[in-house]
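Q: Sending over run16.csv (CSV, C-alpha atoms).
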```
chain,number,residue,atom,x,y,z
A,20,MET,CA,0.0,0.0,0.0
A,21,ASN,CA,2.8,2.4,1.0
A,22,ASN,CA,4.6,1.6,-2.1
A,23,GLU,CA,1.5,2.4,-4.3
A,24,ASN,CA,1.1,5.7,-2.5
A,25,GLU,CA,4.7,6.5,-3.1
A,26,ASN,CA,4.4,5.7,-6.8
A,27,ASN,CA,1.4,7.9,-7.1
A,28,GLU,CA,3.2,10.7,-5.4
A,29,ILE,CA,6.2,10.3,-7.8
A,30,ASN,CA,3.8,10.1,-10.7
A,31,ILE,CA,2.1,13.3,-9.6
A,32,ASN,CA,5.3,15.3,-9.2
A,33,ASP,CA,6.6,14.1,-12.5
A,34,ARG,CA,3.5,15.2,-14.2
A,35,ILE,CA,3.5,18.6,-12.5
A,36,GLU,CA,7.1,19.1,-13.6
A,37,LYS,CA,6.2,18.0,-17.1
A,38,GLY,CA,3.3,20.4,-17.2
A,39,LYS,CA,5.5,23.3,-16.1
A,40,PHE,CA,8.1,22.3,-18.8
A,41,TYR,CA,5.4,22.4,-21.4
A,42,PHE,CA,4.2,25.7,-20.0
A,43,VAL,CA,7.6,27.5,-20.2
A,44,ASN,CA,7.9,26.2,-23.8
A,45,GLU,CA,4.5,27.8,-24.6
A,46,LYS,CA,2.9,24.4,-25.3
A,47,TYR,CA,-0.1,25.3,-23.3
A,48,GLU,CA,-2.4,22.5,-24.5
A,49,PHE,CA,0.1,19.9,-23.4
A,50,ALA,CA,0.6,21.7,-20.1
A,51,ILE,CA,-3.2,21.7,-19.5
A,52,ARG,CA,-3.4,18.0,-20.2
A,53,GLU,CA,-0.7,17.2,-17.6
A,54,PHE,CA,-2.3,19.4,-14.9
A,55,LYS,CA,-5.7,17.9,-15.6
A,56,GLU,CA,-4.3,14.4,-15.2
A,57,VAL,CA,-2.8,15.3,-11.8
A,58,LEU,CA,-6.1,16.6,-10.6
A,59,LYS,CA,-7.8,13.4,-11.6
A,60,VAL,CA,-5.7,11.7,-8.9
A,61,ASN,CA,-5.7,14.5,-6.3
A,62,LYS,CA,-8.1,17.4,-6.3
A,63,ASN,CA,-6.6,19.1,-3.3
A,64,LEU,CA,-3.6,20.7,-4.9
A,65,PRO,CA,-4.1,24.5,-5.1
A,66,ASP,CA,-0.8,24.9,-6.9
A,67,VAL,CA,-2.0,22.6,-9.7
A,68,PHE,CA,-5.2,24.5,-10.1
A,69,TYR,CA,-3.1,27.7,-10.3
A,70,ASN,CA,-0.9,26.1,-12.9
A,71,LEU,CA,-3.9,25.1,-14.9
A,72,GLY,CA,-5.3,28.6,-14.5
A,73,ILE,CA,-2.1,30.3,-15.8
A,74,SER,CA,-1.9,27.9,-18.7
A,75,TYR,CA,-5.4,28.8,-19.7
A,76,GLU,CA,-4.7,32.5,-19.1
A,77,SER,CA,-1.6,32.3,-21.3
A,78,SER,CA,-3.7,30.9,-24.1
A,79,ASN,CA,-6.3,33.7,-23.7
A,80,ASP,CA,-9.0,31.4,-22.3
A,81,PHE,CA,-9.9,33.8,-19.5
A,82,ASP,CA,-13.1,32.1,-18.3
A,83,LYS,CA,-11.3,28.8,-17.6
A,84,ALA,CA,-8.4,30.7,-16.1
A,85,LYS,CA,-10.7,32.5,-13.7
A,86,GLU,CA,-12.5,29.2,-12.8
A,87,ASN,CA,-9.2,27.5,-11.9
A,88,TYR,CA,-7.8,30.5,-9.9
A,89,LEU,CA,-11.0,30.5,-7.9
A,90,LYS,CA,-10.5,26.8,-7.2
A,91,ALA,CA,-6.9,27.4,-6.1
A,92,LEU,CA,-8.2,30.1,-3.8
A,93,GLU,CA,-10.9,27.9,-2.4
A,94,LEU,CA,-8.3,25.4,-1.3
A,95,ASP,CA,-5.8,28.0,-0.2
A,96,PRO,CA,-7.3,31.5,0.3
A,97,GLU,CA,-3.8,32.9,0.7
A,98,HIS,CA,-2.5,31.7,-2.6
A,99,LYS,CA,-0.8,34.9,-3.6
A,100,MET,CA,-0.1,34.0,-7.3
A,101,ALA,CA,-3.7,33.0,-7.9
A,102,LYS,CA,-4.9,36.1,-6.1
A,103,ASP,CA,-2.6,38.4,-8.1
A,104,HIS,CA,-3.6,36.9,-11.5
A,105,LEU,CA,-7.3,37.0,-10.7
A,106,ASP,CA,-7.0,40.7,-9.6
A,107,ARG,CA,-5.0,41.5,-12.8
A,108,MET,CA,-7.7,39.9,-15.0
A,109,LEU,CA,-10.4,42.0,-13.4
A,110,ASP,CA,-8.3,45.2,-13.2
A,111,LYS,CA,-7.3,45.6,-16.8
B,10,MET,CA,6.8,72.7,-10.4
B,11,LYS,CA,3.1,72.4,-11.0
B,12,ASN,CA,0.9,73.0,-8.0
B,13,PHE,CA,-2.6,71.6,-7.4
B,14,ALA,CA,-5.4,71.8,-4.8
B,15,VAL,CA,-7.2,68.7,-3.8
B,16,ILE,CA,-10.4,69.3,-1.8
B,17,GLY,CA,-11.6,66.4,0.3
B,18,LEU,CA,-9.3,63.6,1.3
B,19,GLY,CA,-11.6,60.6,0.9
B,20,ARG,CA,-10.5,57.6,-1.1
B,21,PHE,CA,-10.6,59.3,-4.5
B,22,GLY,CA,-9.1,62.6,-3.3
B,23,THR,CA,-6.3,60.8,-1.5
B,24,ALA,CA,-5.5,58.6,-4.5
B,25,ILE,CA,-5.4,61.8,-6.8
B,26,ALA,CA,-3.2,63.6,-4.3
B,27,ARG,CA,-0.8,60.6,-4.2
B,28,TYR,CA,-0.5,60.4,-7.9
B,29,LEU,CA,-0.1,64.1,-8.4
B,30,GLU,CA,2.9,64.0,-6.0
B,31,GLU,CA,4.2,60.8,-7.4
B,32,PHE,CA,4.3,62.4,-10.9
B,33,GLY,CA,6.1,65.5,-9.5
B,34,GLY,CA,3.3,67.9,-8.6
B,35,GLU,CA,2.9,69.8,-5.4
B,36,VAL,CA,-0.4,69.3,-3.6
B,37,LEU,CA,-2.3,71.6,-1.3
B,38,ALA,CA,-4.9,69.3,0.3
B,39,ILE,CA,-7.9,70.8,2.1
B,40,GLU,CA,-9.9,68.7,4.5
B,41,GLU,CA,-12.3,69.5,7.3
B,42,ASP,CA,-11.9,66.3,9.3
B,43,PRO,CA,-9.0,66.9,11.7
B,44,GLU,CA,-8.3,63.1,12.0
B,45,LYS,CA,-7.8,62.8,8.2
B,46,VAL,CA,-5.6,65.9,8.3
B,47,ARG,CA,-3.3,64.3,10.9
B,48,GLU,CA,-3.3,61.0,8.9
B,49,TYR,CA,-2.0,62.6,5.8
B,50,GLU,CA,-0.1,65.7,7.0
B,51,ASN,CA,3.3,64.1,6.4
B,52,GLU,CA,2.4,62.6,3.1
B,53,PHE,CA,1.5,65.6,0.9
B,54,THR,CA,3.3,69.0,0.4
B,55,SER,CA,0.7,70.7,2.5
B,56,VAL,CA,-2.4,69.4,4.3
B,57,VAL,CA,-4.7,72.0,5.8
B,58,GLU,CA,-7.7,71.7,8.1
B,59,ALA,CA,-10.2,74.2,6.7
B,60,ASP,CA,-13.8,74.6,5.6
B,61,ALA,CA,-13.6,74.8,1.8
B,62,THR,CA,-17.1,76.4,1.6
B,63,ASP,CA,-15.6,79.5,3.1
B,64,ILE,CA,-14.2,81.7,0.3
B,65,ASP,CA,-12.0,83.7,2.7
B,66,ALA,CA,-10.3,80.5,3.9
B,67,LEU,CA,-9.7,79.5,0.3
B,68,LYS,CA,-8.2,82.9,-0.5
B,69,ASP,CA,-6.0,82.8,2.5
B,70,LEU,CA,-4.7,79.4,1.5
B,71,GLY,CA,-3.7,80.7,-1.9
B,72,VAL,CA,-6.1,78.4,-3.8
B,73,SER,CA,-6.4,81.0,-6.6
B,74,ASP,CA,-2.8,80.4,-7.5
B,75,VAL,CA,-3.0,76.7,-8.3
B,76,GLU,CA,-3.0,75.4,-11.8
B,77,ALA,CA,-5.9,73.0,-11.2
B,78,ALA,CA,-8.2,71.9,-8.4
B,79,VAL,CA,-9.8,68.5,-7.9
B,80,VAL,CA,-12.9,68.6,-5.8
B,81,SER,CA,-13.6,65.2,-4.3
B,82,ILE,CA,-16.4,65.6,-1.7
B,83,GLY,CA,-18.0,62.3,-0.8
B,84,THR,CA,-21.7,62.6,0.1
B,85,ASN,CA,-22.4,66.3,0.6
B,86,MET,CA,-23.6,67.3,-2.9
B,87,ALA,CA,-24.5,70.9,-1.8
B,88,ALA,CA,-20.9,71.4,-0.5
B,89,SER,CA,-19.4,70.1,-3.7
B,90,ILE,CA,-21.5,72.5,-5.8
B,91,LEU,CA,-20.8,75.4,-3.6
B,92,ILE,CA,-17.0,74.7,-3.5
B,93,THR,CA,-17.0,74.4,-7.3
B,94,LEU,CA,-18.7,77.8,-7.6
B,95,LEU,CA,-16.2,79.4,-5.2
B,96,LEU,CA,-13.2,78.0,-7.1
B,97,LYS,CA,-14.7,79.3,-10.3
B,98,GLU,CA,-15.0,82.7,-8.7
B,99,LEU,CA,-11.4,82.5,-7.6
B,100,LYS,CA,-10.6,81.9,-11.3
B,101,VAL,CA,-8.9,78.5,-10.8
B,102,PRO,CA,-8.0,77.7,-14.4
B,103,LEU,CA,-8.9,74.0,-14.4
B,104,LEU,CA,-11.6,72.4,-12.3
B,105,ILE,CA,-12.1,68.7,-12.0
B,106,VAL,CA,-15.0,67.6,-9.9
B,107,LYS,CA,-16.2,64.2,-8.7
B,108,ALA,CA,-19.9,63.7,-9.1
B,109,GLN,CA,-22.3,61.3,-7.4
B,110,SER,CA,-25.0,61.1,-10.0
B,111,PRO,CA,-25.7,62.3,-13.5
B,112,LEU,CA,-27.9,65.1,-12.1
B,113,HIS,CA,-25.1,66.3,-9.8
B,114,GLY,CA,-22.7,66.0,-12.8
B,115,ASN,CA,-25.0,68.2,-15.0
B,116,VAL,CA,-25.1,70.9,-12.3
B,117,LEU,CA,-21.3,70.8,-12.0
B,118,LYS,CA,-20.9,71.3,-15.7
B,119,LYS,CA,-23.4,74.2,-15.8
B,120,ILE,CA,-21.6,76.1,-13.1
B,121,GLY,CA,-18.2,75.7,-14.8
B,122,ALA,CA,-16.5,72.4,-13.9
B,123,ASN,CA,-14.1,71.6,-16.8
B,124,ARG,CA,-14.3,67.9,-16.2
B,125,VAL,CA,-16.8,65.9,-14.2
B,126,VAL,CA,-15.7,62.4,-13.1
B,127,TYR,CA,-17.6,59.4,-11.8
B,128,PRO,CA,-14.9,57.3,-10.3
B,129,GLU,CA,-17.2,54.5,-9.0
B,130,LYS,CA,-18.9,54.4,-12.4
B,131,ASP,CA,-15.6,54.3,-14.3
B,132,VAL,CA,-14.3,51.4,-12.2
B,133,ALA,CA,-17.6,49.6,-12.4
B,134,GLN,CA,-17.6,50.0,-16.2
B,135,SER,CA,-14.1,48.6,-16.5
B,136,ILE,CA,-14.8,45.6,-14.1
B,137,SER,CA,-18.1,44.7,-15.8
B,138,ARG,CA,-16.4,44.8,-19.2
B,139,GLN,CA,-13.8,42.3,-17.9
B,140,LEU,CA,-16.5,40.1,-16.6
B,141,VAL,CA,-18.6,40.1,-19.8
B,142,TRP,CA,-15.8,40.3,-22.3
B,143,PRO,CA,-12.6,39.0,-20.6
B,144,GLY,CA,-9.5,40.1,-22.4
B,145,TYR,CA,-11.3,43.1,-24.1
B,146,ASN,CA,-10.5,46.6,-23.1
B,147,GLU,CA,-11.5,50.0,-24.6
B,148,LEU,CA,-10.3,53.5,-24.0
B,149,GLU,CA,-11.9,56.6,-25.5
B,150,LEU,CA,-9.1,58.7,-27.0
B,151,ALA,CA,-11.3,61.4,-28.5
B,152,PRO,CA,-15.0,61.6,-29.6
B,153,ASN,CA,-15.5,58.6,-31.8
B,154,LEU,CA,-11.9,57.4,-31.5
B,155,ALA,CA,-11.1,54.4,-29.4
B,156,MET,CA,-8.0,52.4,-28.4
B,157,VAL,CA,-9.0,48.8,-28.2
B,158,GLU,CA,-7.3,45.7,-26.7
B,159,ILE,CA,-8.4,42.3,-27.8
B,160,SER,CA,-7.2,38.7,-27.3
B,161,ALA,CA,-6.0,37.4,-30.6
B,162,PRO,CA,-9.0,35.9,-32.4
B,163,LYS,CA,-8.5,32.3,-33.6
B,164,LYS,CA,-8.7,33.3,-37.2
B,165,PHE,CA,-5.7,35.7,-36.8
B,166,ILE,CA,-3.4,33.1,-35.2
B,167,GLY,CA,-0.4,32.0,-37.2
B,168,LYS,CA,-0.8,34.9,-39.6
B,169,GLU,CA,1.5,37.8,-40.3
B,170,LEU,CA,0.0,41.2,-39.6
B,171,HIS,CA,-0.1,42.4,-43.2
B,172,LYS,CA,-2.1,39.4,-44.2
B,173,LEU,CA,-4.9,40.3,-41.9
B,174,GLU,CA,-5.8,43.4,-43.9
B,175,ILE,CA,-6.9,45.1,-40.7
B,176,ARG,CA,-7.1,48.5,-42.2
B,177,SER,CA,-9.2,47.7,-45.2
B,178,LYS,CA,-11.4,45.0,-43.6
B,179,TYR,CA,-11.9,46.5,-40.1
B,180,ASN,CA,-11.1,50.2,-40.5
B,181,ALA,CA,-8.5,49.9,-37.7
B,182,ASN,CA,-4.7,50.3,-37.2
B,183,ILE,CA,-2.7,47.9,-35.1
B,184,ILE,CA,-0.3,49.9,-32.9
B,185,ALA,CA,1.1,47.2,-30.6
B,186,ILE,CA,1.1,43.5,-30.0
B,187,LYS,CA,1.4,42.1,-26.4
B,188,LYS,CA,3.0,38.7,-26.1
B,189,LYS,CA,3.1,36.5,-23.1
B,190,LYS,CA,6.5,35.1,-22.2
B,191,PRO,CA,6.1,32.2,-19.7
B,192,PHE,CA,8.8,31.6,-17.0
B,193,ILE,CA,9.2,29.9,-13.7
B,194,ASN,CA,9.9,32.3,-10.9
B,195,ASN,CA,12.3,32.0,-7.9
B,196,GLU,CA,9.7,30.3,-5.8
B,197,SER,CA,9.3,27.8,-8.7
B,198,HIS,CA,5.8,29.1,-9.6
B,199,SER,CA,4.7,29.4,-13.2
B,200,ASP,CA,4.2,33.0,-14.3
B,201,TYR,CA,4.5,35.1,-17.4
B,202,ARG,CA,5.9,38.5,-18.4
B,203,GLU,CA,4.3,40.6,-21.0
B,204,LYS,CA,6.4,41.7,-23.9
B,205,ILE,CA,5.1,44.6,-25.9
B,206,ILE,CA,6.0,45.0,-29.5
B,207,ALA,CA,5.2,48.6,-30.6
B,208,PRO,CA,5.0,49.3,-33.4
B,209,PRO,CA,4.9,45.8,-34.8
B,210,GLU,CA,6.5,44.9,-38.1
B,211,ALA,CA,4.2,43.9,-41.0
B,212,GLU,CA,5.8,40.5,-40.7
B,213,THR,CA,5.0,40.0,-37.0
B,214,THR,CA,3.1,36.8,-36.6
B,215,ILE,CA,0.1,36.6,-34.3
B,216,GLU,CA,0.4,33.7,-31.8
B,217,ARG,CA,-2.0,32.1,-29.4
B,218,GLY,CA,-2.1,34.1,-26.2
B,219,ASP,CA,-1.2,37.4,-27.9
B,220,SER,CA,-3.2,40.6,-27.3
B,221,ILE,CA,-3.7,43.1,-30.1
B,222,ILE,CA,-3.9,46.8,-29.4
B,223,LEU,CA,-5.5,48.9,-32.1
B,224,VAL,CA,-7.0,52.3,-32.8
B,225,CYS,CA,-10.3,52.6,-34.6
B,226,PRO,CA,-13.5,54.7,-34.7
B,227,GLN,CA,-15.5,54.1,-31.5
B,228,ASN,CA,-18.5,52.8,-33.4
B,229,GLU,CA,-16.4,50.2,-35.1
B,230,ALA,CA,-14.9,48.9,-31.7
B,231,GLU,CA,-18.0,46.8,-31.0
B,232,LYS,CA,-17.2,44.2,-33.7
B,233,PHE,CA,-14.0,43.3,-31.9
B,234,ARG,CA,-15.8,42.4,-28.7
B,235,GLU,CA,-17.4,39.2,-29.8
B,236,MET,CA,-14.4,38.0,-31.9
B,237,LYS,CA,-13.2,34.7,-30.6
```
Let me see the structure of the file written as structure tokens.
A:
Amino acid sequence: MNNENENNEININDRIEKGKFYFVNEKYEFAIREFKEVLKVNKNLPDVFYNLGISYESSNDFDKAKENYLKALELDPEHKMAKDHLDRMLDK
Amino acid sequence: MKNFAVIGLGRFGTAIARYLEEFGGEVLAIEEDPEKVREYENEFTSVVEADATDIDALKDLGVSDVEAAVVSIGTNMAASILITLLLKELKVPLLIVKAQSPLHGNVLKKIGANRVVYPEKDVAQSISRQLVWPGYNELELAPNLAMVEISAPKKFIGKELHKLEIRSKYNANIIAIKKKKPFINNESHSDYREKIIAPPEAETTIERGDSIILVCPQNEAEKFREMK
């Protein structure tokens, strides 16, 4: 059991790193796919919702970006990056 | 150095005074609430506790020598109108006055305010716009001339600017392209910086995630709103 959890954990971290790699290389669709896969396994990761949000924002899908920033903030009301990006979107 | 009077240190008045000083102006702030005067006395060039509906007080403070005055009186409409009249009488060259309602705004214009502003309405308009048309922004540059920011519509993506025929098809001129440059910050969070290309080359290619800033007649701006 422990082993399985550990494997999942590794898998999740790998996928997050992969998602970020795609993100910095402007492959937003691939980044979105990785972050969504992670959230299928664990929905309690505010950072991953934030990463999903910024990948959507970077591809100009502002409604989905907003949705995911709000989810990040629901899990972690102090998530500064999610807060800043949400403010910025409303403040334009 | 340019000097200005700001009357009323509520939220709007304080923000105006801060920006005026930040941009290198000198502010004479007039406020009747002694607590607010104490709060801001070290922040602006001069903060005075006085009743701005008293013309002698205004004269003594040298208000007639300022280049412009901003009247930012919160809820007391009568006071805001009276102060505007007095400033006009003192021949302040430029009067900018905050209004609470269109009726209030009309009165202010009739008695000589050069510009009437509705800060709450302006912010409300901008926030509502972002909620309904995220990624779209519009600024009136002159009557019937607007600067518009839009998210690159799908049909523009992968195309060079000159191939879009923006001028002939949309009666607009592109003045800048905003590109998002993703990076991972020091705390290993994903983020992006905006890179502005102004003016863009005819060969600049529009990519997914770009914003396009253009100038067009105001009545043509509408068609950019719904472009996806």
Q: Give me, please, the distance in Å between CA of Ile222 (chain B) and CA of Met100 (chain A), quoted to one decimal.
A: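 A separation of 25.8 Å between them.
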Q: Rounded to one decimal in Å, what is the spacing between CA of His113 (chain B) and CA of Ala14 (chain B)?
A: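 Result for CA of His113 (chain B) versus CA of Ala14 (chain B): 21.1 Å, one decimal.
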Q: Hey, list the chain A side of the contact with chain B: 12 Å cut-off, all atoms listed in the file, answer as number ranges by chain.
A: A: 35-36, 38-48, 50, 65-85, 98-101, 103-111
Q: Have a look at CA of Lys90 (chain A) and CA of Asn30 (chain A) and let me know their distance in Å, one decimal.
A: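 Straight-line distance from CA of Lys90 (chain A) to CA of Asn30 (chain A) works out to 22.3 Å.
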Q: What lies within 10 Å of Val101 (chain B) using all atoms listed in the file, ignoring chain neighbours under 4 positions off, as an NGL selection string?
A: :B and (13-14 or 72-78 or 93 or 95-97)
Q: Near Val56 (chain B), counting only C-alpha atoms, which residues have an atom at most 10 Å away, once you skip same-chain residues fewer than 2 positions from it, shown as a short mmCIF file (atom, residue, chain, number, x, y, z; two decimals) with C-alpha atoms, in the frame of the given file?
A:
```
data_model
loop_
_atom_site.label_atom_id
_atom_site.label_comp_id
_atom_site.auth_asym_id
_atom_site.auth_seq_id
_atom_site.Cartn_x
_atom_site.Cartn_y
_atom_site.Cartn_z
CA ALA B 14 -5.40 71.80 -4.80
CA VAL B 15 -7.20 68.70 -3.80
CA LEU B 18 -9.30 63.60 1.30
CA VAL B 36 -0.40 69.30 -3.60
CA LEU B 37 -2.30 71.60 -1.30
CA ALA B 38 -4.90 69.30 0.30
CA ILE B 39 -7.90 70.80 2.10
CA GLU B 40 -9.90 68.70 4.50
CA LYS B 45 -7.80 62.80 8.20
CA VAL B 46 -5.60 65.90 8.30
CA ARG B 47 -3.30 64.30 10.90
CA GLU B 48 -3.30 61.00 8.90
CA TYR B 49 -2.00 62.60 5.80
CA GLU B 50 -0.10 65.70 7.00
CA ASN B 51 3.30 64.10 6.40
CA GLU B 52 2.40 62.60 3.10
CA PHE B 53 1.50 65.60 0.90
CA THR B 54 3.30 69.00 0.40
CA GLU B 58 -7.70 71.70 8.10
CA ALA B 59 -10.20 74.20 6.70
#
```
Q: Under the rule that all atoms listed in the file are counted, which of B:Thr23, B:Ser81, B:Asn194, B:Asn180 is the nearest residue to Ala61 (chain B)?
A: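 Looking at the shortest contact to Ala61 (chain B), the residue is B:Ser81.
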Q: Within 12 Å of (-16.8, 44.9, -42.0) (file coordinates; all atoms listed in the file), which protein or nucleic acid residues are there? I'd like them as a VMD selection string.
A: chain B and resid 174 to 181 228 to 233
Q: For the selection you just gave me, I'd like the residues written to a file as a compact mmCIF listing (two decimals), in the coordinates of the input, keeping C-alpha atoms.
A:
```txt
# COMPACT_ATOMS: atom_id res chain seq x y z
CA GLU B 174 -5.80 43.40 -43.90
CA ILE B 175 -6.90 45.10 -40.70
CA ARG B 176 -7.10 48.50 -42.20
CA SER B 177 -9.20 47.70 -45.20
CA LYS B 178 -11.40 45.00 -43.60
CA TYR B 179 -11.90 46.50 -40.10
CA ASN B 180 -11.10 50.20 -40.50
CA ALA B 181 -8.50 49.90 -37.70
CA ASN B 228 -18.50 52.80 -33.40
CA GLU B 229 -16.40 50.20 -35.10
CA ALA B 230 -14.90 48.90 -31.70
CA GLU B 231 -18.00 46.80 -31.00
CA LYS B 232 -17.20 44.20 -33.70
CA PHE B 233 -14.00 43.30 -31.90
```
Q: Please rebuild region 66-74 of chain A with all heavy atoms and return the result as a compact mmCIF listing (two decimals), in the coordinates of the input.
A:
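And here is the file that came out, selection.txt:
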```txt
# COMPACT_ATOMS: atom_id res chain seq x y z
N ASP A 66 -1.82 24.53 -5.96
CA ASP A 66 -0.80 24.90 -6.90
C ASP A 66 -1.11 24.40 -8.34
O ASP A 66 -0.82 25.07 -9.33
CB ASP A 66 0.57 24.36 -6.53
CG ASP A 66 1.33 25.39 -5.71
OD1 ASP A 66 0.93 26.57 -5.73
OD2 ASP A 66 2.31 24.99 -5.05
N VAL A 67 -1.67 23.19 -8.39
CA VAL A 67 -2.00 22.60 -9.70
C VAL A 67 -3.13 23.36 -10.35
O VAL A 67 -3.11 23.65 -11.55
CB VAL A 67 -2.22 21.10 -9.59
CG1 VAL A 67 -2.55 20.51 -10.96
CG2 VAL A 67 -0.99 20.41 -9.00
N PHE A 68 -4.13 23.72 -9.54
CA PHE A 68 -5.20 24.50 -10.10
C PHE A 68 -4.67 25.87 -10.58
O PHE A 68 -5.06 26.37 -11.64
CB PHE A 68 -6.31 24.78 -9.03
CG PHE A 68 -7.28 23.63 -8.91
CD1 PHE A 68 -7.32 22.85 -7.77
CD2 PHE A 68 -8.15 23.32 -9.95
CE1 PHE A 68 -8.21 21.78 -7.66
CE2 PHE A 68 -9.04 22.25 -9.86
CZ PHE A 68 -9.07 21.48 -8.70
N TYR A 69 -3.72 26.43 -9.82
CA TYR A 69 -3.10 27.70 -10.30
C TYR A 69 -2.38 27.50 -11.60
O TYR A 69 -2.53 28.29 -12.52
CB TYR A 69 -2.14 28.23 -9.19
CG TYR A 69 -1.25 29.29 -9.75
CD1 TYR A 69 -1.77 30.55 -10.05
CD2 TYR A 69 0.08 29.03 -10.06
CE1 TYR A 69 -0.98 31.52 -10.64
CE2 TYR A 69 0.88 29.98 -10.66
CZ TYR A 69 0.35 31.22 -10.94
OH TYR A 69 1.13 32.17 -11.54
N ASN A 70 -1.61 26.41 -11.68
CA ASN A 70 -0.90 26.10 -12.90
C ASN A 70 -1.80 25.93 -14.11
O ASN A 70 -1.51 26.37 -15.22
CB ASN A 70 0.02 24.90 -12.74
CG ASN A 70 1.36 25.27 -12.14
OD1 ASN A 70 2.16 25.94 -12.77
ND2 ASN A 70 1.59 24.88 -10.90
N LEU A 71 -2.91 25.27 -13.84
CA LEU A 71 -3.90 25.10 -14.90
C LEU A 71 -4.46 26.45 -15.29
O LEU A 71 -4.60 26.76 -16.48
CB LEU A 71 -5.00 24.15 -14.34
CG LEU A 71 -6.02 23.60 -15.32
CD1 LEU A 71 -5.36 22.90 -16.49
CD2 LEU A 71 -6.95 22.59 -14.60
N GLY A 72 -4.74 27.27 -14.27
CA GLY A 72 -5.30 28.60 -14.50
C GLY A 72 -4.34 29.45 -15.38
O GLY A 72 -4.77 30.05 -16.38
N ILE A 73 -3.05 29.42 -15.04
CA ILE A 73 -2.10 30.30 -15.80
C ILE A 73 -1.91 29.75 -17.21
O ILE A 73 -1.68 30.51 -18.15
CB ILE A 73 -0.81 30.54 -15.04
CG1 ILE A 73 -0.12 31.74 -15.67
CG2 ILE A 73 0.10 29.33 -15.02
CD1 ILE A 73 0.93 32.35 -14.83
N SER A 74 -2.03 28.43 -17.37
CA SER A 74 -1.90 27.90 -18.70
C SER A 74 -3.08 28.33 -19.58
O SER A 74 -2.92 28.66 -20.75
CB SER A 74 -1.85 26.34 -18.69
OG SER A 74 -0.80 25.91 -17.85
```
